[in-house]
Amino acid sequence: MTRIKKLFRWSNERGIIWVTLLLFRWVLSRIKDMLETLIKDKIETSMIRIETQNLITGKDTISASYHSAQENKQIWNNYDWSNYGEEWTDDVRLLRGLDPIEWKNTVRDEMILKHFRNGSTLLEIGPGAGRWTSILLELAGNLILADISEKCLQICRERFKSYSNIQYFLINNGSLEGLDYESVDGVWSYDAFVHISPAEIEDYLASIKRVLKPGGCAVIHHAGTYVDEVEARKKRFRSYIDAPLFQHLVRKYGMQILEQNDSLPHLPGDIISVFQHVQK
C-alpha cells in the first residue's frame, strides 16, 4: 500500500487531525536532522580552522576523523582504475585551461627531473595505477612503489611486470616500517597526500625522514586552500591541511622546505611541496 493510500485510510480511521499531526511530526524530525547536520558541520569547520591556523595535529583532532587510512583504502580498493588515473590528468584542461600532455610534461620537467638524479633509488607513495610510475621508471635505478591499496599494487605489478628494478610495498597504518633506514634518494607522491589527514601526514613525514638519505629530496603534492572550500573538501575529497601546516610538519621532523608551488598542481589551491633531508 502506498503512503498516500495509507494517509487516506488513516484519515478515515483516525481523523484528519491525527494525520495532520503525524505529517507535522515527520516534518519536524526532518528539520531537526538537517539542523543537527548543519550545526555539526559548522562547529567542526570552525574547530578544524582553529587546528589548522594553530598548527595542531594528532589523533584526537577533528581533522583526523576525516580522510583516514581505512576510508582511503576502502575507496581506492573499489575504484575503477580502467583509465589508470589519467582522468585526473585530463581535468587540467577544464580546471586550468591547459593541454593535459603538456601539463604532465611540465610537472615531469620542473618537479621530477629537477629534483631527482638519474639512476637513483626512488620511493613513490600512492602510485595508484601507475600514472607517474612510468615516468619515474625512466629515471630511477631502483623504484619502490608503496600504497595502502592492494588493488593498486596488483595493477602496477601487472602493468610494469617487464621491469626488474621495481619493488612493491604495502603500507600499514601510514608507516613505512620495513623500508631500510636512509635507503632512498628521493620520494615522490602525486594525488595521494591530498586525501590524507594531517595526523597521518605527520606519520608519513616522520617515516620519510627515516628512509630518506641525507641530502635526499621529497616532492609531495598535498591539499591547500581553495576558493570553494566545500567543493574541494567534499566533492574532491581534499584533506584539511594547507601550505603553512605542511611546512610546519616538515620542519618539525628536521627537514627543510625548498619550495611550495601552487601553480603546477592540476587543481587550483593544491600545493606541491619540495623538501630535503638536511645534511648531517
# chains A, B, ... in the order shown; residues from 1 in each chain; ligands from 1
>>> select_by_dssp(residues="stretch 87-132 of chain A", states="helix (DSSP H, G or I)", output="NGL selection string")
:A and (87-96 or 100-115)
>>> atom_distance(atom1="atom CA of A:Leu136", atom2="atom CA of A:Leu212")
16.8 Å
>>> residues_around(residues="stretch 110-124 of chain A", least_positions_apart="3", cutoff="9 Å", atoms="only C-alpha atoms", output="number ranges by chain")
A: 105-107, 127, 132-133, 135-136, 138-147, 183-190, 216-219, 264, 272, 274
>>> write_last_selection(atoms="N, CA and C atoms", output="CSV table (one decimal), in the first residue's frame")
chain,number,residue,atom,x,y,z
A,105,ASN,N,54.0,16.9,-18.8
A,105,ASN,CA,55.5,17.1,-19.2
A,105,ASN,C,56.1,18.2,-18.4
A,106,THR,N,55.4,19.2,-18.1
A,106,THR,CA,55.9,20.4,-17.3
A,106,THR,C,56.2,19.9,-15.9
A,107,VAL,N,55.2,19.2,-15.3
A,107,VAL,CA,55.4,18.7,-14.0
A,107,VAL,C,56.6,17.7,-13.9
A,127,PRO,N,51.1,5.3,-5.7
A,127,PRO,CA,51.1,5.3,-7.2
A,127,PRO,C,49.8,5.1,-7.9
A,132,TRP,N,52.2,8.1,-12.7
A,132,TRP,CA,53.5,8.8,-12.7
A,132,TRP,C,54.6,7.8,-12.7
A,133,THR,N,54.3,6.5,-12.4
A,133,THR,CA,55.3,5.5,-12.3
A,133,THR,C,56.1,5.3,-13.5
A,135,ILE,N,57.0,7.4,-15.7
A,135,ILE,CA,58.0,8.5,-15.8
A,135,ILE,C,59.1,8.2,-14.9
A,136,LEU,N,58.8,7.8,-13.6
A,136,LEU,CA,59.9,7.6,-12.6
A,136,LEU,C,60.8,6.4,-13.1
A,138,GLU,N,61.8,5.6,-15.9
A,138,GLU,CA,62.8,6.1,-16.9
A,138,GLU,C,64.0,6.7,-16.3
A,139,LEU,N,63.8,7.1,-15.0
A,139,LEU,CA,64.9,7.9,-14.3
A,139,LEU,C,65.6,7.0,-13.3
A,140,ALA,N,64.8,6.2,-12.6
A,140,ALA,CA,65.3,5.5,-11.4
A,140,ALA,C,66.2,4.3,-11.7
A,141,GLY,N,67.2,4.2,-10.9
A,141,GLY,CA,67.9,2.9,-10.9
A,141,GLY,C,67.1,1.8,-10.3
A,142,ASN,N,66.5,2.2,-9.1
A,142,ASN,CA,65.6,1.3,-8.4
A,142,ASN,C,64.4,2.1,-8.0
A,143,LEU,N,63.2,1.5,-8.1
A,143,LEU,CA,62.0,2.2,-7.7
A,143,LEU,C,61.1,1.4,-6.8
A,144,ILE,N,60.7,2.0,-5.6
A,144,ILE,CA,59.9,1.3,-4.7
A,144,ILE,C,58.5,1.9,-4.8
A,145,LEU,N,57.4,1.1,-5.0
A,145,LEU,CA,56.1,1.6,-5.0
A,145,LEU,C,55.4,1.2,-3.7
A,146,ALA,N,54.9,2.2,-3.0
A,146,ALA,CA,54.3,1.9,-1.7
A,146,ALA,C,52.8,2.5,-1.7
A,147,ASP,N,51.9,1.6,-1.3
A,147,ASP,CA,50.5,2.0,-1.4
A,147,ASP,C,49.7,1.3,-0.3
A,183,SER,N,67.6,4.7,3.0
A,183,SER,CA,67.8,3.8,1.8
A,183,SER,C,67.3,4.4,0.5
A,184,VAL,N,66.7,5.6,0.5
A,184,VAL,CA,66.2,6.1,-0.8
A,184,VAL,C,66.7,7.5,-1.0
A,185,ASP,N,67.0,7.8,-2.2
A,185,ASP,CA,67.5,9.2,-2.6
A,185,ASP,C,66.4,10.2,-2.8
A,186,GLY,N,65.2,9.8,-3.1
A,186,GLY,CA,64.1,10.7,-3.4
A,186,GLY,C,62.7,10.1,-3.1
A,187,VAL,N,61.8,10.9,-2.8
A,187,VAL,CA,60.4,10.4,-2.6
A,187,VAL,C,59.5,11.3,-3.4
A,188,TRP,N,58.6,10.6,-4.1
A,188,TRP,CA,57.6,11.3,-5.0
A,188,TRP,C,56.2,10.8,-4.6
A,189,SER,N,55.3,11.8,-4.6
A,189,SER,CA,53.8,11.4,-4.4
A,189,SER,C,53.0,12.5,-5.0
A,190,TYR,N,52.1,12.1,-5.9
A,190,TYR,CA,51.1,13.0,-6.5
A,190,TYR,C,49.7,12.4,-6.4
A,216,GLY,N,68.8,13.9,0.5
A,216,GLY,CA,67.8,13.4,-0.4
A,216,GLY,C,66.6,14.4,-0.4
A,217,CYS,N,65.8,14.3,-1.4
A,217,CYS,CA,64.7,15.3,-1.7
A,217,CYS,C,63.3,14.5,-1.8
A,218,ALA,N,62.3,15.2,-1.3
A,218,ALA,CA,60.9,14.6,-1.4
A,218,ALA,C,60.1,15.7,-2.1
A,219,VAL,N,59.2,15.2,-3.0
A,219,VAL,CA,58.3,16.1,-3.7
A,219,VAL,C,56.9,15.5,-3.5
A,264,LEU,N,51.6,24.6,-10.4
A,264,LEU,CA,51.7,23.4,-11.1
A,264,LEU,C,50.6,22.3,-10.9
A,272,ILE,N,52.3,21.7,-4.3
A,272,ILE,CA,53.4,20.7,-4.4
A,272,ILE,C,54.6,21.2,-3.5
A,274,VAL,N,58.3,20.8,-1.9
A,274,VAL,CA,59.6,20.1,-2.1
A,274,VAL,C,60.4,20.4,-0.9
>>> select_by_dssp(residues="stretch 53-269 of chain A", states="strand (DSSP E or B)", output="count of residues only")
45
>>> residues_around(residues="A:Asp262", least_positions_apart="6", cutoff="8 Å", atoms="only C-alpha atoms", output="PyMOL selection string")
chain A and resi 268-272
>>> residues_around(residues="stretch 50-58 of chain A", least_positions_apart="5", cutoff="7 Å", atoms="only C-alpha atoms", output="PyMOL selection string")
chain A and resi 64+198-199+241+245
>>> residues_around(residues="stretch 150-155 of chain A", least_positions_apart="2", cutoff="10 Å", atoms="only C-alpha atoms", output="short mmCIF file (atom, residue, chain, number, x, y, z; two decimals) with C-alpha atoms, in the first residue's frame")
data_model
loop_
_atom_site.label_atom_id
_atom_site.label_comp_id
_atom_site.auth_asym_id
_atom_site.auth_seq_id
_atom_site.Cartn_x
_atom_site.Cartn_y
_atom_site.Cartn_z
CA LYS A 73 41.79 2.03 1.50
CA TRP A 76 40.84 3.03 -3.77
CA ASN A 77 40.43 -0.72 -3.46
CA ASN A 78 36.99 -0.28 -5.05
CA TYR A 79 37.83 2.44 -7.56
CA TRP A 81 41.20 2.14 -12.46
CA SER A 82 40.48 1.24 -16.11
CA TYR A 84 44.89 4.29 -14.94
CA GLY A 126 50.42 6.18 -3.53
CA PRO A 127 51.13 5.30 -7.18
CA GLY A 128 47.50 4.35 -7.83
CA ALA A 129 47.52 2.62 -11.21
CA GLY A 130 50.95 3.99 -12.17
CA LEU A 145 56.07 1.58 -5.02
CA ALA A 146 54.27 1.94 -1.68
CA ASP A 147 50.49 2.03 -1.37
CA ILE A 148 47.76 1.23 1.16
CA ARG A 157 52.61 -5.38 -10.81
CA GLU A 158 50.76 -6.37 -13.95
CA ARG A 159 51.37 -3.11 -15.79
CA PHE A 160 55.12 -2.98 -15.06
CA LYS A 161 55.90 -6.69 -14.95
CA GLN A 167 59.72 -3.30 -5.69
CA TYR A 168 56.26 -3.26 -4.11
CA PHE A 169 55.45 -2.32 -0.53
CA LEU A 170 52.04 -2.47 1.18
CA ILE A 171 51.64 0.37 3.68
#
>>> residues_around(residues="A:Tyr240", least_positions_apart="2", cutoff="7 Å", atoms="only C-alpha atoms", output="CSV table (one decimal) with N, CA and C atoms, in the first residue's frame")
chain,number,residue,atom,x,y,z
A,63,SER,N,40.2,17.1,12.5
A,63,SER,CA,40.6,16.8,11.1
A,63,SER,C,41.1,15.4,10.9
A,197,SER,N,44.7,12.7,6.0
A,197,SER,CA,44.5,13.6,7.2
A,197,SER,C,45.8,14.1,7.7
A,198,PRO,N,45.8,15.3,8.3
A,198,PRO,CA,47.1,15.9,8.8
A,198,PRO,C,47.8,15.0,9.8
A,238,ARG,N,39.5,16.6,-0.6
A,238,ARG,CA,40.7,17.2,-0.2
A,238,ARG,C,40.8,17.3,1.4
A,242,ASP,N,47.0,22.8,4.9
A,242,ASP,CA,47.4,23.8,4.0
A,242,ASP,C,48.9,24.0,3.9
>>> atom_distance(atom1="atom CA of A:Ala223", atom2="atom CA of A:Leu249")
13.9 Å
>>> closest_residue(among="A:Leu179, A:Leu22, A:Ala69, A:Leu137", to="A:Glu200", atoms="only C-alpha atoms")
A:Ala69
